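Below: the structure, in structure tokens.
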Amino acid sequence: IPDNSIAALNNAVAHGARIVEFDVRWSRNNVPIVIHNSTVNATTRRRGLVAHYKASTLERMHLVSPQNIDHVTAGTIPSMAKMIHAARLKKVRVVIEIKVAGITAAQASSLVNAIGSYSAVSIHSFFPSSLDTLPEYRRSLLTETPVTTIPAGIAGVDMRGSIVTPARVAALHSSGLLAGAFTT
């Protein structure tokens with residue numbers, strides 16, 4: 001099942017997931033698209049930067065199997081609006097990871113529009129400047145190294161699992177922040 005796909009969301013929910021995470025990048029015409037990499041190379045039979053394609057073209061690109069890139073699946077690259085709709089139908093919380101630094105006001109607006117009124121959403125990013133553009137959501141900073149300064153308005157810090165220590169978690173909690181970890 002391809003990552004960042006409607007099929008992956010459905011599979012996770014079928015196995016009991018109550019929270020799903022997916023990644024966002026923007027098309028050439030500023031539509032938020034659910035994809036991890038900056039290119040379509042690893043997930044489709046096409047080549048090129050996500051940002052060079054219009055959303056309508058990206059949404060027609062069929063995803064390949066992660067285990068066999070020669071196997072093209074029925075699923076296509078979803079827009080954020082489609083993934084949010086699927087999450088709403090399944091009644092799961094959504095964590096959206098912004099994969100780009102310094103999103104524009106137009107990109108932030110298009111993401112807000114894609115999310116719509118769905119309130120079970122939090123935004124995560126390695127880029128504080130991208131988080132700053134979306135103050136209406138619960139936001140968490142992702143980090144691979146220990147942080148000493150937390151941007152204002154951040155609800156939590158998600159750290160690479162290898163740097164999590166009891167002292168770091170206690171320091172975040174004492175500051176009123178959530179502490180999380182990721183392993184990949």
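So you can find residues: chains in the structure tokens are A, B, ... in the order shown, residues in each start at 1, and ligands are numbered from 1 in order.
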**Message:** Among chain A, which ones does DSSP assign to strand (DSSP E or B) (computed from the backbone)? Answer as an MDAnalysis selection string.
**Reply:** chainID A and resid 19:26 32:34 39 49 62:64 72:76 79 93:98 121:125 138:143 156:160 178:182
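Summary of the local environment: counting only C-alpha atoms, residues at most 8 Å from Leu172 (chain A), other than itself and those fewer than 6 positions away along its chain, are Gly156, Val157, Leu178 and Ala179 of chain A.
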Skip Asn11 (chain A) itself and residues of its chain fewer than 5 positions away, then list as a JSON list (two decimals) with C-alpha atoms, in the first residue's frame all residues within 12 Å of it, counting only C-alpha atoms.
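Final output, result16.json:
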```json
[["chain", "number", "residue", "atom", "x", "y", "z"],
["A", 1, "ILE", "CA", 0.00, 0.00, 0.00],
["A", 2, "PRO", "CA", 1.59, 3.31, -1.02],
["A", 3, "ASP", "CA", 2.36, 5.80, 1.76],
["A", 4, "ASN", "CA", 0.40, 9.05, 1.90],
["A", 5, "SER", "CA", -2.54, 7.52, 0.06],
["A", 6, "ILE", "CA", -6.25, 7.05, 0.68],
["A", 16, "GLY", "CA", -7.32, 0.38, 14.75],
["A", 17, "ALA", "CA", -5.48, 3.65, 14.17],
["A", 18, "ARG", "CA", -7.22, 6.67, 15.65],
["A", 20, "VAL", "CA", -3.07, 9.31, 10.97],
["A", 86, "ALA", "CA", -11.39, 10.58, 3.87],
["A", 87, "ALA", "CA", -10.20, 11.22, 7.43],
["A", 90, "LYS", "CA", -13.31, 7.60, 9.12]]
```
**Fill in**
The residue from A:Ala171, A:Ala7, A:Ala74, A:Val31 with the smallest atom-to-atom distance to Ala106 (chain A), counting only C-alpha atoms, is A:Val31
**Filtered DSSP result for region 21-183 of chain A, state helix (DSSP H, G or I), as a ChimeraX atom specification** = /A:50-52,55-58,80-90,105-115,128-132,161-163,166-174
Let's have the selection written as a compact mmCIF listing (two decimals), in the first residue's frame, with N, CA and C atoms.
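The resulting file, result01.txt, is reproduced below:
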```
# COMPACT_ATOMS: atom_id res chain seq x y z
N VAL A 50 7.30 18.00 -7.50
CA VAL A 50 5.87 18.21 -7.24
C VAL A 50 5.50 19.64 -7.59
N ALA A 51 6.33 20.59 -7.20
CA ALA A 51 6.05 22.01 -7.40
C ALA A 51 6.04 22.43 -8.87
N HIS A 52 6.47 21.55 -9.75
CA HIS A 52 6.45 21.88 -11.19
C HIS A 52 5.18 21.41 -11.88
N ALA A 55 -1.93 20.74 -9.88
CA ALA A 55 -2.62 19.77 -9.03
C ALA A 55 -3.42 18.77 -9.86
N SER A 56 -4.08 19.23 -10.90
CA SER A 56 -4.91 18.32 -11.70
C SER A 56 -4.07 17.21 -12.33
N THR A 57 -2.83 17.50 -12.69
CA THR A 57 -1.93 16.48 -13.23
C THR A 57 -1.46 15.54 -12.14
N LEU A 58 -1.06 16.10 -10.99
CA LEU A 58 -0.61 15.26 -9.88
C LEU A 58 -1.69 14.29 -9.43
N MET A 80 -4.80 17.41 -0.47
CA MET A 80 -5.08 17.48 0.96
C MET A 80 -6.58 17.47 1.20
N ALA A 81 -7.35 18.14 0.37
CA ALA A 81 -8.80 18.17 0.55
C ALA A 81 -9.38 16.76 0.51
N LYS A 82 -8.89 15.92 -0.41
CA LYS A 82 -9.39 14.55 -0.50
C LYS A 82 -8.99 13.73 0.72
N MET A 83 -7.76 13.91 1.22
CA MET A 83 -7.33 13.16 2.41
C MET A 83 -8.11 13.61 3.64
N ILE A 84 -8.35 14.90 3.76
CA ILE A 84 -9.14 15.38 4.90
C ILE A 84 -10.56 14.82 4.83
N HIS A 85 -11.12 14.80 3.65
CA HIS A 85 -12.46 14.23 3.47
C HIS A 85 -12.48 12.76 3.91
N ALA A 86 -11.48 11.99 3.49
CA ALA A 86 -11.39 10.58 3.87
C ALA A 86 -11.22 10.43 5.38
N ALA A 87 -10.40 11.28 5.98
CA ALA A 87 -10.20 11.22 7.43
C ALA A 87 -11.48 11.56 8.18
N ARG A 88 -12.19 12.55 7.68
CA ARG A 88 -13.47 12.94 8.30
C ARG A 88 -14.45 11.77 8.25
N LEU A 89 -14.54 11.09 7.12
CA LEU A 89 -15.44 9.95 6.99
C LEU A 89 -15.07 8.83 7.97
N LYS A 90 -13.78 8.65 8.21
CA LYS A 90 -13.31 7.60 9.12
C LYS A 90 -13.24 8.06 10.57
N ALA A 105 1.91 32.93 2.22
CA ALA A 105 0.55 33.20 2.70
C ALA A 105 -0.47 32.49 1.82
N ALA A 106 -0.22 32.44 0.51
CA ALA A 106 -1.13 31.74 -0.40
C ALA A 106 -1.15 30.25 -0.11
N GLN A 107 0.00 29.66 0.18
CA GLN A 107 0.06 28.24 0.51
C GLN A 107 -0.66 27.97 1.84
N ALA A 108 -0.44 28.82 2.83
CA ALA A 108 -1.12 28.66 4.12
C ALA A 108 -2.62 28.75 3.92
N SER A 109 -3.07 29.70 3.14
CA SER A 109 -4.50 29.87 2.88
C SER A 109 -5.08 28.65 2.17
N SER A 110 -4.35 28.12 1.20
CA SER A 110 -4.85 26.94 0.48
C SER A 110 -4.92 25.72 1.39
N LEU A 111 -4.00 25.61 2.35
CA LEU A 111 -4.06 24.51 3.31
C LEU A 111 -5.25 24.66 4.24
N VAL A 112 -5.46 25.86 4.74
CA VAL A 112 -6.62 26.13 5.59
C VAL A 112 -7.91 25.80 4.85
N ASN A 113 -7.99 26.19 3.59
CA ASN A 113 -9.19 25.89 2.78
C ASN A 113 -9.36 24.39 2.58
N ALA A 114 -8.27 23.67 2.37
CA ALA A 114 -8.36 22.22 2.18
C ALA A 114 -8.81 21.51 3.45
N ILE A 115 -8.37 22.00 4.60
CA ILE A 115 -8.76 21.41 5.88
C ILE A 115 -10.22 21.75 6.20
N PRO A 128 10.07 26.16 11.79
CA PRO A 128 9.24 27.06 12.60
C PRO A 128 8.54 28.13 11.77
N SER A 129 9.20 28.60 10.71
CA SER A 129 8.58 29.65 9.89
C SER A 129 7.31 29.14 9.20
N SER A 130 7.29 27.86 8.84
CA SER A 130 6.08 27.30 8.25
C SER A 130 4.97 27.17 9.29
N LEU A 131 5.34 26.79 10.51
CA LEU A 131 4.35 26.69 11.59
C LEU A 131 3.75 28.06 11.93
N ASP A 132 4.58 29.09 11.85
CA ASP A 132 4.13 30.45 12.20
C ASP A 132 2.98 30.93 11.31
N GLY A 161 13.63 9.82 18.15
CA GLY A 161 13.64 8.92 19.30
C GLY A 161 14.99 8.78 19.97
N SER A 162 16.06 8.86 19.20
CA SER A 162 17.40 8.68 19.76
C SER A 162 17.84 9.82 20.68
N ILE A 163 17.16 10.97 20.65
CA ILE A 163 17.56 12.08 21.53
C ILE A 163 16.60 12.27 22.70
N PRO A 166 14.65 11.31 29.71
CA PRO A 166 13.71 11.73 30.75
C PRO A 166 13.84 13.23 31.08
N ALA A 167 15.06 13.75 31.08
CA ALA A 167 15.26 15.17 31.40
C ALA A 167 14.64 16.07 30.33
N ARG A 168 14.80 15.72 29.05
CA ARG A 168 14.21 16.53 27.97
C ARG A 168 12.68 16.50 28.03
N VAL A 169 12.13 15.33 28.26
CA VAL A 169 10.68 15.22 28.35
C VAL A 169 10.17 16.01 29.55
N ALA A 170 10.84 15.89 30.70
CA ALA A 170 10.43 16.62 31.90
C ALA A 170 10.51 18.13 31.68
N ALA A 171 11.55 18.59 30.99
CA ALA A 171 11.69 20.03 30.72
C ALA A 171 10.55 20.53 29.84
N LEU A 172 10.20 19.76 28.81
CA LEU A 172 9.08 20.16 27.95
C LEU A 172 7.78 20.18 28.74
N HIS A 173 7.54 19.13 29.50
CA HIS A 173 6.31 19.07 30.30
C HIS A 173 6.23 20.20 31.30
N SER A 174 7.35 20.55 31.93
CA SER A 174 7.33 21.64 32.92
C SER A 174 7.06 22.99 32.26
```
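What separates CA of Ser140 (chain A) from CA of Arg25 (chain A) is a distance of 17.5 Å.
Distance annotation: of A:Pro66, A:Ala8, A:Thr73, A:Arg28, the residue with the minimal separation from Tyr53 (chain A) is A:Arg28; atom set is only C-alpha atoms.
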